[in-house]
Amino acid sequence: MTYDVLFDLGLAGVLIAIAAGAVFARGAFVSLVLFMIYGLLLAIVWVRLSAVDVALTETAIGGGVTGMLLLGAASRLRATKGTVAKAGFPARLAAGALCILVSIALGIVVYALPEVPPTLAPMAKENLASSGLGNPVAGVLFVYRALDTLLEKVVLLLALVGVWSLAQDRAWGGMPGLRVYAQPNSILVFLAQVLPPVGITVGIYMFWAGANRPGGAFQGGTVLAAMWLLVMMARLREVPAIDALWVRQLLVVGPAIFLLIGLLGFVFADSFLAYPPDHAKPLIVIAEAALTISIGVTLALLVAGPPERMRQ
Amino acid sequence: MKFAIDIFTIVVVSAGVFFFMAGTVGLLRFPDTLTRLHALTKVDNLGLGLIVFGLLPQAQGLLGALKLLSIWVLVQLSGAIVSQLIAQATQRPGRQT
């Protein structure tokens, strides 16, 4: 027991130190690397809190995709050096004061938490069996709060539309400016040939296992996105133009099927996003399979960035 | 028997942790990118290898052991290739090592 406490204290200490390092680092690159390490350590914290689903998401999104997005942003910023103005002293003072205020408010809220937190967990567990799912997190995502999950996927698409809207007019509908390393005999090509079969299997397994164990569409989709990005970066496959029909179809297939199942709920069950009692699990698995694909394609294209060049 | 297995795990995992520490010290203290990469490979190969080896007898069944081994193989693969890529990047003109 005491060893656990020691480990947790050490973990929390390292986490705070790395967070401070990320904030105070001089260069954007160092700051970002520390941020990615922070994401990975945070995943261990979630495991310690027995929230393995969250830990997987944190590793995939917090450590992986967000890190890549920010690295892309940092290299773009470096290319436009000289146009970045440093914030003045009053602005920095205001930002600091705001941060302190938020920290104090959070501290007060945490201190005021009730001794025994109000929880819906027992109720959620009790009714889980009727959905046919074994993982309570999947139950919350696809049964109790299905509307939130649907909207979350739509928000992801909106984010991609936001990235695409940064395109210049002449490049619209063209290919994203993902940096590729096109050296024919590069070791990266070898990795991009060896790793995807493993990664795709892991991605599909994560989605499939998500019904009964930690995992799910988001984690699986992120792994698939990583594999696709690897293949594109090694230039084994070209980055697709954003107006390609198959790209658009894969982007919307997940939310569309989820929405369709939701609408069918009006007919075969009693409300929107309600499942007919005997077919809940197959419907959820179909929706999750489609969502895994859409999430994978969306995340990969988010990293690939706005279109920059037209098709040759 | 159980006691002997536990002792084996403790000794081998400790040896792995030692290589992790040595590699980290090297990463912090060595003067340039290539020597730092050299330090890092010790962590990947020996450090993680010994920890996985030490944990194998504690694994839950054959499947658990296979999972541990596949983690080691994947880290080996990615570690070796990423080291190569970083080393290549330092060879490009205009880069500081």
# chains A, B, ... in the order shown; residues from 1 in each chain; ligands from 1

call {"tool": "residues_around", "arguments": {"residues": "Val65 of chain A", "least_positions_apart": "4", "cutoff": "10 Å", "atoms": "only C-alpha atoms", "output": "list in words"}}
result
Met36, Glu58, Thr59, Ala60, Ile61, Leu69, Leu70, Leu71, Thr222, Val223, Ala225, Ala226, Leu299, Ala300, Leu302 and Val303 of chain A

call {"tool": "write_last_selection", "arguments": {"atoms": "N, CA and C atoms", "output": "CSV table (one decimal), in the first residue's frame"}}
result
chain,number,residue,atom,x,y,z
A,36,MET,N,4.4,16.2,-25.2
A,36,MET,CA,4.0,14.8,-25.6
A,36,MET,C,4.4,13.9,-24.5
A,58,GLU,N,-5.8,9.1,-24.1
A,58,GLU,CA,-4.8,10.1,-23.7
A,58,GLU,C,-3.5,9.8,-24.5
A,59,THR,N,-3.1,8.5,-24.5
A,59,THR,CA,-1.9,8.1,-25.2
A,59,THR,C,-2.0,8.4,-26.7
A,60,ALA,N,-3.2,8.0,-27.3
A,60,ALA,CA,-3.3,8.1,-28.7
A,60,ALA,C,-3.5,9.6,-29.1
A,61,ILE,N,-4.4,10.3,-28.4
A,61,ILE,CA,-4.7,11.7,-28.8
A,61,ILE,C,-3.7,12.7,-28.1
A,69,LEU,N,0.1,17.4,-34.6
A,69,LEU,CA,-0.5,18.6,-35.1
A,69,LEU,C,0.3,19.8,-34.6
A,70,LEU,N,0.7,19.8,-33.3
A,70,LEU,CA,1.4,20.9,-32.8
A,70,LEU,C,2.8,21.0,-33.4
A,71,LEU,N,3.5,19.9,-33.7
A,71,LEU,CA,4.8,19.9,-34.3
A,71,LEU,C,4.6,20.5,-35.7
A,222,THR,N,-7.5,6.1,-34.1
A,222,THR,CA,-6.2,6.8,-34.1
A,222,THR,C,-5.0,5.9,-34.5
A,223,VAL,N,-5.0,4.7,-34.2
A,223,VAL,CA,-4.0,3.8,-34.6
A,223,VAL,C,-4.0,3.6,-36.1
A,225,ALA,N,-5.2,5.8,-38.2
A,225,ALA,CA,-4.7,7.1,-38.8
A,225,ALA,C,-3.2,7.1,-38.8
A,226,ALA,N,-2.5,6.6,-37.7
A,226,ALA,CA,-1.1,6.7,-37.6
A,226,ALA,C,-0.5,5.8,-38.7
A,299,LEU,N,-8.6,12.1,-38.6
A,299,LEU,CA,-7.4,12.4,-37.9
A,299,LEU,C,-6.2,12.5,-38.8
A,300,ALA,N,-6.1,11.5,-39.7
A,300,ALA,CA,-5.0,11.6,-40.6
A,300,ALA,C,-5.0,12.8,-41.5
A,302,LEU,N,-6.4,15.6,-40.7
A,302,LEU,CA,-6.1,16.8,-39.9
A,302,LEU,C,-4.6,17.0,-39.8
A,303,VAL,N,-3.9,15.9,-39.6
A,303,VAL,CA,-2.4,16.0,-39.5
A,303,VAL,C,-1.9,16.5,-40.8

call {"tool": "interface_residues", "arguments": {"of": "chain B", "to": "chain A", "cutoff": "9 Å", "atoms": "only C-alpha atoms", "output": "VMD selection string"}}
result
chain B and resid 74 77 to 78 81 to 82 84 to 85

call {"tool": "closest_residue", "arguments": {"among": "A:Gly64, A:Gly216, A:Gly13, A:Pro114", "to": "Val45 of chain A", "atoms": "only C-alpha atoms"}}
result
A:Gly13

call {"tool": "closest_residue", "arguments": {"among": "B:Leu55, B:Thr33, B:Leu28, B:Ile10", "to": "Gln91 of chain B", "atoms": "only C-alpha atoms"}}
result
B:Thr33

call {"tool": "residues_around", "arguments": {"residues": "Arg48 of chain A", "least_positions_apart": "3", "cutoff": "10 Å", "atoms": "only C-alpha atoms", "output": "PyMOL selection string"}}
result
chain A and resi 4+7-8+11+42-45+51-52+55

call {"tool": "write_last_selection", "arguments": {"atoms": "C-alpha atoms", "output": "mmCIF file, in the first residue's frame"}}
result
data_model
loop_
_atom_site.group_PDB
_atom_site.id
_atom_site.type_symbol
_atom_site.label_atom_id
_atom_site.label_comp_id
_atom_site.auth_asym_id
_atom_site.auth_seq_id
_atom_site.Cartn_x
_atom_site.Cartn_y
_atom_site.Cartn_z
ATOM 1 C CA ASP A 4 1.635 2.556 -4.187
ATOM 2 C CA PHE A 7 4.824 5.638 -6.712
ATOM 3 C CA ASP A 8 1.822 7.946 -7.078
ATOM 4 C CA LEU A 11 4.454 10.204 -10.644
ATOM 5 C CA LEU A 42 -0.765 11.369 -17.847
ATOM 6 C CA ALA A 43 -1.876 8.079 -19.406
ATOM 7 C CA ILE A 44 -0.072 6.239 -16.584
ATOM 8 C CA VAL A 45 -1.961 8.454 -14.125
ATOM 9 C CA ALA A 51 -9.594 4.519 -16.152
ATOM 10 C CA VAL A 52 -7.904 2.424 -18.829
ATOM 11 C CA ALA A 55 -5.534 6.198 -20.641
#

call {"tool": "residues_around", "arguments": {"residues": "Ala234 of chain A", "least_positions_apart": "3", "cutoff": "10 Å", "atoms": "only C-alpha atoms", "output": "list of chain:residue names"}}
result
A:Arg179, A:Val180, A:Tyr181, A:Ala182, A:Gln183, A:Pro184, A:Asn185, A:Ser186, A:Ile187, A:Leu188, A:Val189, A:Phe190, A:Leu191, A:Ala192, A:Gln193, A:Leu229, A:Leu230, A:Val231, A:Arg237, A:Glu238

call {"tool": "write_last_selection", "arguments": {"atoms": "N, CA and C atoms", "output": "JSON list (two decimals), in the first residue's frame"}}
result
[["chain", "number", "residue", "atom", "x", "y", "z"],
["A", 179, "ARG", "N", 4.38, 16.80, -45.12],
["A", 179, "ARG", "CA", 5.78, 16.67, -45.51],
["A", 179, "ARG", "C", 6.13, 15.21, -45.70],
["A", 180, "VAL", "N", 6.53, 14.85, -46.91],
["A", 180, "VAL", "CA", 6.89, 13.45, -47.17],
["A", 180, "VAL", "C", 8.40, 13.35, -47.34],
["A", 181, "TYR", "N", 8.91, 12.18, -46.99],
["A", 181, "TYR", "CA", 10.35, 11.95, -47.08],
["A", 181, "TYR", "C", 10.58, 10.93, -48.18],
["A", 182, "ALA", "N", 10.63, 11.41, -49.40],
["A", 182, "ALA", "CA", 10.63, 10.49, -50.53],
["A", 182, "ALA", "C", 12.05, 10.08, -50.90],
["A", 183, "GLN", "N", 12.65, 9.27, -50.04],
["A", 183, "GLN", "CA", 13.94, 8.69, -50.40],
["A", 183, "GLN", "C", 13.70, 7.22, -50.64],
["A", 184, "PRO", "N", 13.96, 6.74, -51.85],
["A", 184, "PRO", "CA", 13.52, 5.41, -52.25],
["A", 184, "PRO", "C", 13.98, 4.29, -51.31],
["A", 185, "ASN", "N", 15.23, 4.34, -50.85],
["A", 185, "ASN", "CA", 15.70, 3.22, -50.03],
["A", 185, "ASN", "C", 15.79, 3.59, -48.56],
["A", 186, "SER", "N", 15.02, 4.58, -48.18],
["A", 186, "SER", "CA", 15.07, 5.04, -46.80],
["A", 186, "SER", "C", 14.56, 3.97, -45.85],
["A", 187, "ILE", "N", 15.08, 4.03, -44.63],
["A", 187, "ILE", "CA", 14.65, 3.07, -43.60],
["A", 187, "ILE", "C", 13.18, 3.30, -43.25],
["A", 188, "LEU", "N", 12.70, 4.54, -43.50],
["A", 188, "LEU", "CA", 11.30, 4.86, -43.22],
["A", 188, "LEU", "C", 10.38, 4.02, -44.10],
["A", 189, "VAL", "N", 10.82, 3.77, -45.35],
["A", 189, "VAL", "CA", 10.03, 2.94, -46.26],
["A", 189, "VAL", "C", 9.89, 1.54, -45.68],
["A", 190, "PHE", "N", 10.99, 1.04, -45.13],
["A", 190, "PHE", "CA", 10.96, -0.29, -44.51],
["A", 190, "PHE", "C", 9.94, -0.33, -43.38],
["A", 191, "LEU", "N", 9.99, 0.71, -42.51],
["A", 191, "LEU", "CA", 9.05, 0.76, -41.39],
["A", 191, "LEU", "C", 7.62, 0.81, -41.91],
["A", 192, "ALA", "N", 7.41, 1.61, -42.97],
["A", 192, "ALA", "CA", 6.05, 1.77, -43.51],
["A", 192, "ALA", "C", 5.56, 0.52, -44.20],
["A", 193, "GLN", "N", 6.48, -0.41, -44.50],
["A", 193, "GLN", "CA", 6.05, -1.68, -45.06],
["A", 193, "GLN", "C", 5.81, -2.72, -43.98],
["A", 229, "LEU", "N", -0.79, 7.58, -42.07],
["A", 229, "LEU", "CA", 0.17, 8.70, -42.15],
["A", 229, "LEU", "C", 1.58, 8.18, -42.43],
["A", 230, "LEU", "N", 1.91, 7.07, -41.77],
["A", 230, "LEU", "CA", 3.25, 6.50, -41.98],
["A", 230, "LEU", "C", 3.44, 6.11, -43.44],
["A", 231, "VAL", "N", 2.42, 5.47, -44.00],
["A", 231, "VAL", "CA", 2.50, 5.04, -45.40],
["A", 231, "VAL", "C", 2.61, 6.25, -46.33],
["A", 237, "ARG", "N", 2.18, 5.52, -50.66],
["A", 237, "ARG", "CA", 0.92, 5.95, -51.28],
["A", 237, "ARG", "C", 0.92, 7.47, -51.27],
["A", 238, "GLU", "N", 0.31, 8.06, -52.30],
["A", 238, "GLU", "CA", 0.24, 9.52, -52.35],
["A", 238, "GLU", "C", -0.80, 10.03, -51.37]]

call {"tool": "residues_around", "arguments": {"residues": "Val297 of chain A", "least_positions_apart": "4", "cutoff": "7 Å", "atoms": "only C-alpha atoms", "output": "PDB file with C-alpha atoms, in the first residue's frame"}}
result
ATOM      1  CA  ALA A 225      -4.678   7.070 -38.787  1.00  0.00           C
ATOM      2  CA  LEU A 250     -14.979   7.699 -45.799  1.00  0.00           C
ATOM      3  CA  LEU A 251     -15.108  10.954 -43.820  1.00  0.00           C
ATOM      4  CA  ILE A 293     -12.929   4.323 -40.219  1.00  0.00           C
ATOM      5  CA  LEU A 301      -6.231  14.401 -42.810  1.00  0.00           C
TER       6      LEU A 301
END

call {"tool": "residues_around", "arguments": {"residues": "Met1 of chain B", "least_positions_apart": "6", "cutoff": "12 Å", "atoms": "only C-alpha atoms", "output": "list in words"}}
result
Ile7, Phe8 and Pro57 of chain B

call {"tool": "write_last_selection", "arguments": {"atoms": "C-alpha atoms", "output": "mmCIF file, in the first residue's frame"}}
result
data_model
loop_
_atom_site.group_PDB
_atom_site.id
_atom_site.type_symbol
_atom_site.label_atom_id
_atom_site.label_comp_id
_atom_site.auth_asym_id
_atom_site.auth_seq_id
_atom_site.Cartn_x
_atom_site.Cartn_y
_atom_site.Cartn_z
ATOM 1 C CA ILE B 7 14.097 -13.536 -6.936
ATOM 2 C CA PHE B 8 14.885 -14.070 -10.628
ATOM 3 C CA PRO B 57 7.782 -15.798 -15.564
#

call {"tool": "select_by_dssp", "arguments": {"residues": "segment 19-195 of chain A", "states": "helix (DSSP H, G or I)", "output": "ChimeraX atom specification"}}
result
/A:19-24,28-48,52-79,89-111,121-126,128-131,136-144,146-164,169-171,187-195

call {"tool": "residues_around", "arguments": {"residues": "Lys42 of chain B", "least_positions_apart": "6", "cutoff": "10 Å", "atoms": "only C-alpha atoms", "output": "PyMOL selection string"}}
result
chain B and resi 16+19-24+26+48-49
